[in-house]
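**Student:** Contents of final.pdb (PDB, C-alpha atoms and all ligand atoms) are below:
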ATOM      1  CA  MET A   1      82.126 125.300  87.560
ATOM      2  CA  GLY A   2      84.727 125.014  90.292
ATOM      3  CA  ARG A   3      85.926 122.225  92.490
ATOM      4  CA  VAL A   4      85.804 121.646  96.228
ATOM      5  CA  VAL A   5      88.681 120.576  98.450
ATOM      6  CA  PHE A   6      87.752 119.204 101.868
ATOM      7  CA  ILE A   7      90.682 119.838 104.176
ATOM      8  CA  GLY A   8      91.259 118.546 107.687
ATOM      9  CA  ALA A   9      92.552 121.524 109.660
ATOM     10  CA  GLY A  10      93.862 119.263 112.431
ATOM     11  CA  PRO A  11      92.668 119.310 116.026
ATOM     12  CA  GLY A  12      94.173 122.529 117.308
ATOM     13  CA  GLU A  13      96.812 125.084 116.435
ATOM     14  CA  ALA A  14      97.338 126.037 112.793
ATOM     15  CA  ASP A  15     100.612 124.138 112.414
ATOM     16  CA  LEU A  16      98.823 120.808 112.928
ATOM     17  CA  ILE A  17      97.372 121.022 109.404
ATOM     18  CA  THR A  18      99.171 118.895 106.796
ATOM     19  CA  VAL A  19     101.562 120.479 104.306
ATOM     20  CA  ARG A  20      99.171 119.489 101.515
ATOM     21  CA  GLY A  21      96.256 121.049 103.341
ATOM     22  CA  ARG A  22      98.123 124.330 103.677
ATOM     23  CA  GLN A  23      99.100 124.272  99.986
ATOM     24  CA  ARG A  24      95.507 123.691  98.867
ATOM     25  CA  LEU A  25      94.301 126.476 101.187
ATOM     26  CA  ALA A  26      96.668 128.877  99.468
ATOM     27  CA  GLN A  27      94.800 128.242  96.195
ATOM     28  CA  ALA A  28      91.305 128.858  97.573
ATOM     29  CA  ASP A  29      88.932 131.524  96.274
ATOM     30  CA  VAL A  30      86.491 130.831  99.110
ATOM     31  CA  VAL A  31      86.889 128.987 102.417
ATOM     32  CA  LEU A  32      83.909 127.612 104.358
ATOM     33  CA  PHE A  33      85.259 126.957 107.849
ATOM     34  CA  ASP A  34      84.097 125.324 111.067
ATOM     35  CA  ALA A  35      84.092 126.739 114.588
ATOM     36  CA  LEU A  36      86.906 124.487 115.865
ATOM     37  CA  THR A  37      89.477 125.561 113.260
ATOM     38  CA  ASP A  38      92.312 127.925 114.207
ATOM     39  CA  PRO A  39      91.691 131.506 112.941
ATOM     40  CA  ALA A  40      95.461 131.732 112.345
ATOM     41  CA  LEU A  41      94.941 129.546 109.268
ATOM     42  CA  ARG A  42      93.626 132.647 107.517
ATOM     43  CA  GLU A  43      97.234 133.663 106.999
ATOM     44  CA  ALA A  44      97.577 130.694 104.654
ATOM     45  CA  ALA A  45      94.808 132.049 102.381
ATOM     46  CA  PRO A  46      94.594 135.854 102.708
ATOM     47  CA  GLN A  47      93.327 136.051  99.110
ATOM     48  CA  ALA A  48      90.225 134.003  99.872
ATOM     49  CA  GLN A  49      86.823 135.006 101.134
ATOM     50  CA  TRP A  50      86.330 133.281 104.516
ATOM     51  CA  LEU A  51      82.792 132.191 105.417
ATOM     52  CA  ASP A  52      81.999 131.000 108.948
ATOM     53  CA  VAL A  53      79.666 128.005 108.816
ATOM     54  CA  GLY A  54      80.398 126.755 112.339
ATOM     55  CA  LYS A  55      77.560 125.067 114.119
ATOM     56  CA  ARG A  56      77.284 125.223 117.872
ATOM     57  CA  GLY A  57      75.950 122.479 120.093
ATOM     58  CA  PHE A  58      75.746 118.741 119.686
ATOM     59  CA  GLY A  59      73.496 116.469 117.694
ATOM     60  CA  HIS A  60      71.481 119.096 115.869
ATOM     61  CA  ALA A  61      70.699 118.736 112.207
ATOM     62  CA  THR A  62      70.037 122.477 112.025
ATOM     63  CA  GLY A  63      72.297 124.179 109.566
ATOM     64  CA  GLN A  64      73.703 121.171 107.714
ATOM     65  CA  GLY A  65      71.260 121.542 104.829
ATOM     66  CA  ALA A  66      72.185 125.204 104.542
ATOM     67  CA  ILE A  67      75.896 124.326 104.525
ATOM     68  CA  ASN A  68      75.374 121.743 101.778
ATOM     69  CA  ALA A  69      73.497 124.299  99.683
ATOM     70  CA  LEU A  70      76.094 127.023 100.266
ATOM     71  CA  LEU A  71      78.889 124.653  99.296
ATOM     72  CA  VAL A  72      77.199 123.867  95.985
ATOM     73  CA  GLU A  73      76.383 127.537  95.352
ATOM     74  CA  GLN A  74      79.981 128.605  95.963
ATOM     75  CA  ALA A  75      81.414 125.782  93.844
ATOM     76  CA  LEU A  76      79.184 126.834  90.931
ATOM     77  CA  ALA A  77      80.370 130.444  91.238
ATOM     78  CA  HIS A  78      84.100 130.055  91.932
ATOM     79  CA  GLY A  79      87.159 128.121  90.807
ATOM     80  CA  CYS A  80      88.380 126.630  94.060
ATOM     81  CA  VAL A  81      86.281 126.257  97.196
ATOM     82  CA  VAL A  82      87.879 124.905 100.349
ATOM     83  CA  ARG A  83      85.734 123.256 102.993
ATOM     84  CA  LEU A  84      87.901 123.457 106.123
ATOM     85  CA  LYS A  85      86.902 121.071 108.911
ATOM     86  CA  GLY A  86      88.300 120.549 112.399
ATOM     87  CA  GLY A  87      90.427 117.444 112.895
ATOM     88  CA  ASP A  88      89.909 115.031 110.011
ATOM     89  CA  PRO A  89      87.000 115.556 107.609
ATOM     90  CA  SER A  90      86.135 111.838 107.620
ATOM     91  CA  VAL A  91      85.629 111.594 111.387
ATOM     92  CA  PHE A  92      82.270 112.891 112.670
ATOM     93  CA  GLY A  93      82.377 115.688 110.123
ATOM     94  CA  ARG A  94      79.135 115.074 108.183
ATOM     95  CA  LEU A  95      81.390 114.679 105.150
ATOM     96  CA  GLU A  96      79.070 112.105 103.594
ATOM     97  CA  GLU A  97      76.245 114.651 103.348
ATOM     98  CA  GLU A  98      78.417 117.313 101.777
ATOM     99  CA  ILE A  99      79.908 114.835  99.282
ATOM    100  CA  ALA A 100      76.405 113.639  98.360
ATOM    101  CA  SER A 101      75.368 117.216  97.565
ATOM    102  CA  LEU A 102      78.391 117.725  95.319
ATOM    103  CA  LEU A 103      77.806 114.412  93.536
ATOM    104  CA  ALA A 104      74.187 115.401  92.911
ATOM    105  CA  HIS A 105      75.434 118.474  91.050
ATOM    106  CA  GLY A 106      78.357 116.794  89.286
ATOM    107  CA  ILE A 107      80.908 118.916  91.167
ATOM    108  CA  ALA A 108      84.443 117.533  91.437
ATOM    109  CA  PHE A 109      86.075 117.297  94.835
ATOM    110  CA  GLU A 110      89.110 116.048  96.723
ATOM    111  CA  VAL A 111      89.579 115.122 100.401
ATOM    112  CA  VAL A 112      92.791 116.045 102.226
ATOM    113  CA  PRO A 113      93.103 114.215 105.555
ATOM    114  CA  GLY A 114      93.865 115.790 108.919
ATOM    115  CA  VAL A 115      94.856 114.768 112.424
ATOM    116  CA  THR A 116      91.773 113.721 114.346
ATOM    117  CA  ALA A 117      91.234 114.708 117.997
ATOM    118  CA  ALA A 118      91.766 111.155 119.290
ATOM    119  CA  LEU A 119      95.319 111.186 117.953
ATOM    120  CA  ALA A 120      96.091 114.609 119.389
ATOM    121  CA  ALA A 121      94.817 113.392 122.770
ATOM    122  CA  ALA A 122      97.066 110.316 122.618
ATOM    123  CA  ALA A 123     100.018 112.539 121.728
ATOM    124  CA  HIS A 124      99.248 114.993 124.523
ATOM    125  CA  THR A 125      99.099 112.292 127.210
ATOM    126  CA  ALA A 126     101.842 110.081 125.719
ATOM    127  CA  ARG A 127      99.364 107.194 125.979
ATOM    128  CA  PRO A 128      99.520 105.182 122.741
ATOM    129  CA  LEU A 129      96.123 104.041 121.488
ATOM    130  CA  THR A 130      97.453 100.611 120.525
ATOM    131  CA  ARG A 131      99.586  98.430 122.817
ATOM    132  CA  ARG A 132     101.503  95.380 121.759
ATOM    133  CA  GLY A 133      99.630  92.423 123.185
ATOM    134  CA  SER A 134      96.853  94.252 125.012
ATOM    135  CA  GLY A 135      95.559  96.977 122.701
ATOM    136  CA  ARG A 136      94.891  95.473 119.290
ATOM    137  CA  SER A 137      91.851  97.482 118.272
ATOM    138  CA  VAL A 138      90.700 101.096 118.525
ATOM    139  CA  SER A 139      87.210 102.429 118.018
ATOM    140  CA  LEU A 140      86.252 106.035 117.374
ATOM    141  CA  THR A 141      82.728 106.441 118.680
ATOM    142  CA  THR A 142      80.326 109.284 119.086
ATOM    143  CA  ALA A 143      78.476 108.930 122.330
ATOM    144  CA  MET A 144      75.508 110.777 120.867
ATOM    145  CA  THR A 145      73.078 109.172 118.445
ATOM    146  CA  HIS A 146      71.446 111.316 115.765
ATOM    147  CA  LEU A 147      68.386 111.402 118.015
ATOM    148  CA  GLY A 148      70.446 112.979 120.780
ATOM    149  CA  GLN A 149      70.569 109.864 122.948
ATOM    150  CA  LEU A 150      73.649 108.517 124.655
ATOM    151  CA  HIS A 151      74.828 105.185 123.296
ATOM    152  CA  ALA A 152      77.946 103.324 124.384
ATOM    153  CA  THR A 153      79.034  99.704 124.179
ATOM    154  CA  ARG A 154      82.259  97.745 124.427
ATOM    155  CA  SER A 155      83.594  97.209 120.938
ATOM    156  CA  ALA A 156      87.395  97.489 121.064
ATOM    157  CA  ASP A 157      90.400  97.251 123.399
ATOM    158  CA  THR A 158      90.662 101.055 123.267
ATOM    159  CA  GLU A 159      87.591 103.194 122.755
ATOM    160  CA  VAL A 160      87.701 106.904 122.081
ATOM    161  CA  PHE A 161      84.451 108.788 122.568
ATOM    162  CA  TYR A 162      83.799 112.072 120.798
ATOM    163  CA  MET A 163      81.063 114.545 121.762
ATOM    164  CA  ALA A 164      80.662 113.057 125.236
ATOM    165  CA  GLY A 165      82.081 115.934 127.266
ATOM    166  CA  GLN A 166      78.707 117.078 128.544
ATOM    167  CA  GLN A 167      77.574 113.642 129.657
ATOM    168  CA  LEU A 168      80.469 112.036 131.480
ATOM    169  CA  PRO A 169      78.446 110.471 134.339
ATOM    170  CA  GLU A 170      75.995 108.912 131.859
ATOM    171  CA  LEU A 171      78.840 107.700 129.643
ATOM    172  CA  ALA A 172      80.535 105.974 132.597
ATOM    173  CA  ALA A 173      77.251 104.347 133.651
ATOM    174  CA  ARG A 174      76.596 102.998 130.149
ATOM    175  CA  LEU A 175      80.125 101.644 129.805
ATOM    176  CA  LEU A 176      79.918  99.874 133.151
ATOM    177  CA  GLU A 177      76.590  98.353 132.047
ATOM    178  CA  ALA A 178      78.270  97.275 128.813
ATOM    179  CA  GLY A 179      80.822  95.246 130.732
ATOM    180  CA  TRP A 180      83.787  97.545 131.240
ATOM    181  CA  PRO A 181      85.286  97.054 134.732
ATOM    182  CA  ALA A 182      85.052  99.876 137.271
ATOM    183  CA  GLU A 183      88.874  99.885 137.381
ATOM    184  CA  ALA A 184      89.295 100.342 133.605
ATOM    185  CA  PRO A 185      91.591 103.289 132.875
ATOM    186  CA  ALA A 186      89.947 106.376 131.412
ATOM    187  CA  SER A 187      91.599 109.529 130.115
ATOM    188  CA  VAL A 188      89.895 112.797 129.203
ATOM    189  CA  VAL A 189      91.654 115.413 127.087
ATOM    190  CA  SER A 190      90.070 118.719 126.201
ATOM    191  CA  ARG A 191      91.377 121.137 123.584
ATOM    192  CA  ALA A 192      94.028 118.627 122.551
ATOM    193  CA  GLY A 193      96.487 120.270 120.185
ATOM    194  CA  TRP A 194      96.008 123.743 121.689
ATOM    195  CA  PRO A 195      98.375 125.432 124.169
ATOM    196  CA  ASP A 196      95.700 125.276 126.890
ATOM    197  CA  ALA A 197      95.016 121.534 126.493
ATOM    198  CA  GLN A 198      93.996 119.793 129.722
ATOM    199  CA  ALA A 199      94.167 116.099 130.556
ATOM    200  CA  THR A 200      92.822 114.108 133.486
ATOM    201  CA  THR A 201      92.978 110.392 134.215
ATOM    202  CA  HIS A 202      90.497 108.303 136.156
ATOM    203  CA  ARG A 203      89.140 104.870 136.957
ATOM    204  CA  LEU A 204      86.094 104.431 134.734
ATOM    205  CA  ALA A 205      83.868 104.431 137.826
ATOM    206  CA  ASP A 206      85.181 107.930 138.689
ATOM    207  CA  LEU A 207      84.895 109.436 135.209
ATOM    208  CA  ALA A 208      82.249 111.928 136.342
ATOM    209  CA  GLN A 209      84.967 113.756 138.305
ATOM    210  CA  ALA A 210      86.420 114.972 134.998
ATOM    211  CA  ALA A 211      83.429 117.216 134.334
ATOM    212  CA  ALA A 212      84.685 120.104 136.467
ATOM    213  CA  VAL A 213      87.997 120.398 134.596
ATOM    214  CA  HIS A 214      86.672 119.991 131.057
ATOM    215  CA  ALA A 215      83.322 121.788 131.260
ATOM    216  CA  GLY A 216      82.535 123.777 128.128
ATOM    217  CA  ARG A 217      85.609 122.545 126.216
ATOM    218  CA  PRO A 218      85.712 120.080 123.322
ATOM    219  CA  ALA A 219      86.957 116.817 124.805
ATOM    220  CA  VAL A 220      87.578 113.191 123.902
ATOM    221  CA  VAL A 221      87.306 110.337 126.389
ATOM    222  CA  THR A 222      89.621 107.361 125.942
ATOM    223  CA  VAL A 223      88.789 104.143 127.774
ATOM    224  CA  GLY A 224      90.667 100.863 128.017
ATOM    225  CA  ALA A 225      94.169  99.799 127.002
ATOM    226  CA  GLY A 226      95.066 103.091 125.341
ATOM    227  CA  ALA A 227      94.113 105.147 128.404
ATOM    228  CA  ALA A 228      96.684 103.495 130.679
ATOM    229  CA  SER A 229      99.961 105.214 131.446
ATOM    230  CA  VAL A 230     103.118 103.710 130.005
ATOM    231  CA  VAL A 231     105.079 101.857 132.677
ATOM    232  CA  PRO A 232     108.836 102.507 132.682
ATOM    233  CA  ALA A 233     110.842  99.653 131.168
ATOM    234  CA  ARG A 234     113.407  97.992 133.364
ATOM    235  CA  THR A 235     116.844  99.230 132.435
ATOM    236  CA  THR A 236     119.439  96.597 131.660
ATOM    237  CA  ASN A 237     121.761  97.728 134.433
ATOM    238  CA  THR A 238     119.033  97.459 137.087
ATOM    239  CA  PRO A 239     119.182  94.060 138.778
ATOM    240  CA  GLU A 240     115.811  92.340 138.748
ATOM    241  CA  PHE A 241     116.191  91.198 142.357
ATOM    242  CA  PRO A 242     118.504  93.622 144.134
ATOM    243  CA  GLU A 243     120.263  92.006 147.115
ATOM    244  CA  SER A 244     119.547  95.002 149.314
ATOM    245  CA  PRO A 245     116.950  97.743 148.852
ATOM    246  CA  SER A 246     118.478 100.786 147.219
ATOM    247  CA  PRO A 247     117.675 104.161 148.793
ATOM    248  CA  ALA A 248     117.323 105.578 145.283
ATOM    249  CA  ALA A 249     114.749 102.994 144.195
ATOM    250  CA  THR A 250     111.501 104.357 142.821
ATOM    251  CA  ASP A 251     108.202 102.578 142.780
ATOM    252  CA  ASP A 252     107.357 101.555 139.257
TER
HETATM  253  N1  LIG B 301      86.344 115.962 112.710
HETATM  254  C1  LIG B 301      86.747 116.176 114.102
HETATM  255  C2  LIG B 301      85.642 115.802 115.065
HETATM  256  C3  LIG B 301      84.424 116.685 114.966
HETATM  257  S1  LIG B 301      83.162 116.250 116.115
HETATM  258  C4  LIG B 301      88.025 115.403 114.370
HETATM  259  O1  LIG B 301      88.452 114.614 113.536
HETATM  260  O2  LIG B 301      88.620 115.605 115.429
HETATM  261  C5  LIG B 301      83.488 117.377 117.448
HETATM  262  C6  LIG B 301      84.030 116.614 118.637
HETATM  263  O3  LIG B 301      85.402 116.309 118.409
HETATM  264  C7  LIG B 301      84.025 117.378 119.933
HETATM  265  O4  LIG B 301      82.776 117.261 120.596
HETATM  266  C8  LIG B 301      85.105 116.668 120.714
HETATM  267  O5  LIG B 301      84.633 115.435 121.229
HETATM  268  C9  LIG B 301      86.109 116.354 119.630
HETATM  269  N2  LIG B 301      87.170 117.354 119.505
HETATM  270  C10 LIG B 301      87.367 118.223 118.496
HETATM  271  N3  LIG B 301      88.476 118.964 118.691
HETATM  272  C11 LIG B 301      89.008 118.541 119.859
HETATM  273  C12 LIG B 301      90.167 118.888 120.605
HETATM  274  N4  LIG B 301      91.012 119.834 120.166
HETATM  275  N5  LIG B 301      90.417 118.234 121.760
HETATM  276  C13 LIG B 301      89.575 117.278 122.201
HETATM  277  N6  LIG B 301      88.469 116.898 121.548
HETATM  278  C14 LIG B 301      88.176 117.520 120.388
END
Could you render the structure from this file as structure tokens?

**Tutor:**
Amino acid sequence: MGRVVFIGAGPGEADLITVRGRQRLAQADVVLFDALTDPALREAAPQAQWLDVGKRGFGHATGQGAINALLVEQALAHGCVVRLKGGDPSVFGRLEEEIASLLAHGIAFEVVPGVTAALAAAAHTARPLTRRGSGRSVSLTTAMTHLGQLHATRSADTEVFYMAGQQLPELAARLLEAGWPAEAPASVVSRAGWPDAQATTHRLADLAQAAAVHAGRPAVVTVGAGAASVVPARTTNTPEFPESPSPAATDD
């Protein structure tokens, strides 16, 4: 009987995987991979058999049972099976179901973390998710319930919504109902971590405008403290109250 290594592939290009993840991949006999993982990662495990288990669409249970069964079957037949997941395996990755299947069969496993999409989006926009004083909590939320309904509340200073890209107008409406102000900053990043990443920023009330740019692309929506742009710090040699307006002054 073999063992299974769950590896977070990171949110985009192959070099966003961790060093440990790449090392474990190199030892794989079989790799079960998701749709959002970079095909270039195959170069890290040319010896392995690569099986595409990517599911398309949102909120569908279809296929997960088959993936669980395939994972067990492969682990019983091989030495090292890698389960490669986009981003981090522990964030909206159905990891709990796959672990439960392995436990039921007494199969050993390990989880190697990855960079989740929310973090790649924050890096892409240079908008830190936490802010000293104003952003003390971050929530990672899926906008979709398992019944395919949209659910959104106000639970943290910064909220990052996954799987909401197709329902931006509804998401904005629910967040306004939940008490977020119309002026709250919102940032949408699609394909964060890839060379063609796109980012747009909005007032929450105008979030629906993002749909045109991000249509058909995996996207995360950040709302609240962590969606605001960073304001330039005053430099020490800039007088706080200049005696006369400087022609070179910029509006910060
Ligand atoms: N385990 C993944 C999330 C899987 S759920 C992670 O940790 O990132 C799939 C959702 O993740 C997508 O609907 C989208 O909301 C988000 N997502 C995945 N990759 C993304 C990317 N490169 N840029 C923006 N959002 C992404």

**Student:** Just checking: using all atoms listed in the file, which residue out of A:Gln167, A:Thr153, A:Thr142, A:Gln74 ends up closest to Gly93 in chain A?

**Tutor:**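 Among A:Gln167, A:Thr153, A:Thr142, A:Gln74, it is A:Thr142 that comes nearest to Gly93 in chain A.
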
**Student:** Between CA of Pro169 in chain A and atom C6 of ligand LIG 301 (chain B), measure the distance and give it in Å to one decimal.

**Tutor:**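 CA of Pro169 in chain A sits 17.8 Å away from atom C6 of ligand LIG 301 (chain B).
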
**Student:** Using the chain letters and numbers from the file, which residues does the PyMOL selection byres (((chain A and resi 157) around 9) and not hetatm) grab, as a PDB file with C-alpha atoms, in the frame of the given file?

**Tutor:**
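Just written: selection_10.pdb:
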ATOM      1  CA  THR A 130      97.453 100.611 120.525  1.00  0.00           C
ATOM      2  CA  SER A 134      96.853  94.252 125.012  1.00  0.00           C
ATOM      3  CA  GLY A 135      95.559  96.977 122.701  1.00  0.00           C
ATOM      4  CA  ARG A 136      94.891  95.473 119.290  1.00  0.00           C
ATOM      5  CA  SER A 137      91.851  97.482 118.272  1.00  0.00           C
ATOM      6  CA  VAL A 138      90.700 101.096 118.525  1.00  0.00           C
ATOM      7  CA  SER A 139      87.210 102.429 118.018  1.00  0.00           C
ATOM      8  CA  ARG A 154      82.259  97.745 124.427  1.00  0.00           C
ATOM      9  CA  SER A 155      83.594  97.209 120.938  1.00  0.00           C
ATOM     10  CA  ALA A 156      87.395  97.489 121.064  1.00  0.00           C
ATOM     11  CA  THR A 158      90.662 101.055 123.267  1.00  0.00           C
ATOM     12  CA  GLU A 159      87.591 103.194 122.755  1.00  0.00           C
ATOM     13  CA  VAL A 223      88.789 104.143 127.774  1.00  0.00           C
ATOM     14  CA  GLY A 224      90.667 100.863 128.017  1.00  0.00           C
ATOM     15  CA  ALA A 225      94.169  99.799 127.002  1.00  0.00           C
ATOM     16  CA  GLY A 226      95.066 103.091 125.341  1.00  0.00           C
TER      17      GLY A 226
END

**Student:** Hey, which bits of chain A sit within 6 Å of ligand LIG 301 (chain B), and for each residue what's the closest pair of atoms and how far apart in Å (one decimal), counting only C-alpha atoms and all ligand atoms, rows by chain and increasing number, as CSV?

**Tutor:**
residue,atom,partner,partner_atom,distance
A:Pro11,CA,B:LIG301,N4,4.5
A:Gly12,CA,B:LIG301,N4,5.0
A:Gly86,CA,B:LIG301,C1,4.9
A:Gly87,CA,B:LIG301,C4,3.5
A:Asp88,CA,B:LIG301,O1,3.8
A:Pro89,CA,B:LIG301,N1,5.2
A:Val91,CA,B:LIG301,N1,4.6
A:Phe92,CA,B:LIG301,S1,4.9
A:Gly93,CA,B:LIG301,N1,4.7
A:Thr116,CA,B:LIG301,O1,3.5
A:Ala117,CA,B:LIG301,O2,3.8
A:Tyr162,CA,B:LIG301,O5,3.5
A:Met163,CA,B:LIG301,O4,3.4
A:Val189,CA,B:LIG301,C13,5.6
A:Ser190,CA,B:LIG301,C13,4.3
A:Arg191,CA,B:LIG301,N5,3.6
A:Ala192,CA,B:LIG301,N5,3.7
A:Gly193,CA,B:LIG301,N4,5.5
A:Pro218,CA,B:LIG301,C8,4.3
A:Ala219,CA,B:LIG301,N6,3.6
A:Val220,CA,B:LIG301,N6,4.5

**Student:** How big is the axis-aligned box around the listed atoms of range 217-236 of chain A once 5 Å is added on each side, and where is its centre? Give both in Å to one decimal, as lines of an AutoDock Vina configuration file.

**Tutor:**
center_x = 102.5
center_y = 109.6
center_z = 128.3
size_x = 43.8
size_y = 35.9
size_z = 20.0

**Student:** With a distance cut-off of 6 Å and only C-alpha atoms, select the neighbouring residues of Ala44 in chain A, excluding the residue or stretch itself and same-chain residues fewer than 2 positions from it, and output the selection as a PDB file with C-alpha atoms, in the frame of the given file.

**Tutor:**
ATOM      1  CA  ALA A  26      96.668 128.877  99.468  1.00  0.00           C
ATOM      2  CA  LEU A  41      94.941 129.546 109.268  1.00  0.00           C
ATOM      3  CA  ARG A  42      93.626 132.647 107.517  1.00  0.00           C
TER       4      ARG A  42
END

**Student:** Rounded to one decimal in Å, what is the spacing between CA of Ala77 in chain A and CA of Pro46 in chain A?

**Tutor:**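 That distance, rounded to one decimal, is 19.1 Å.
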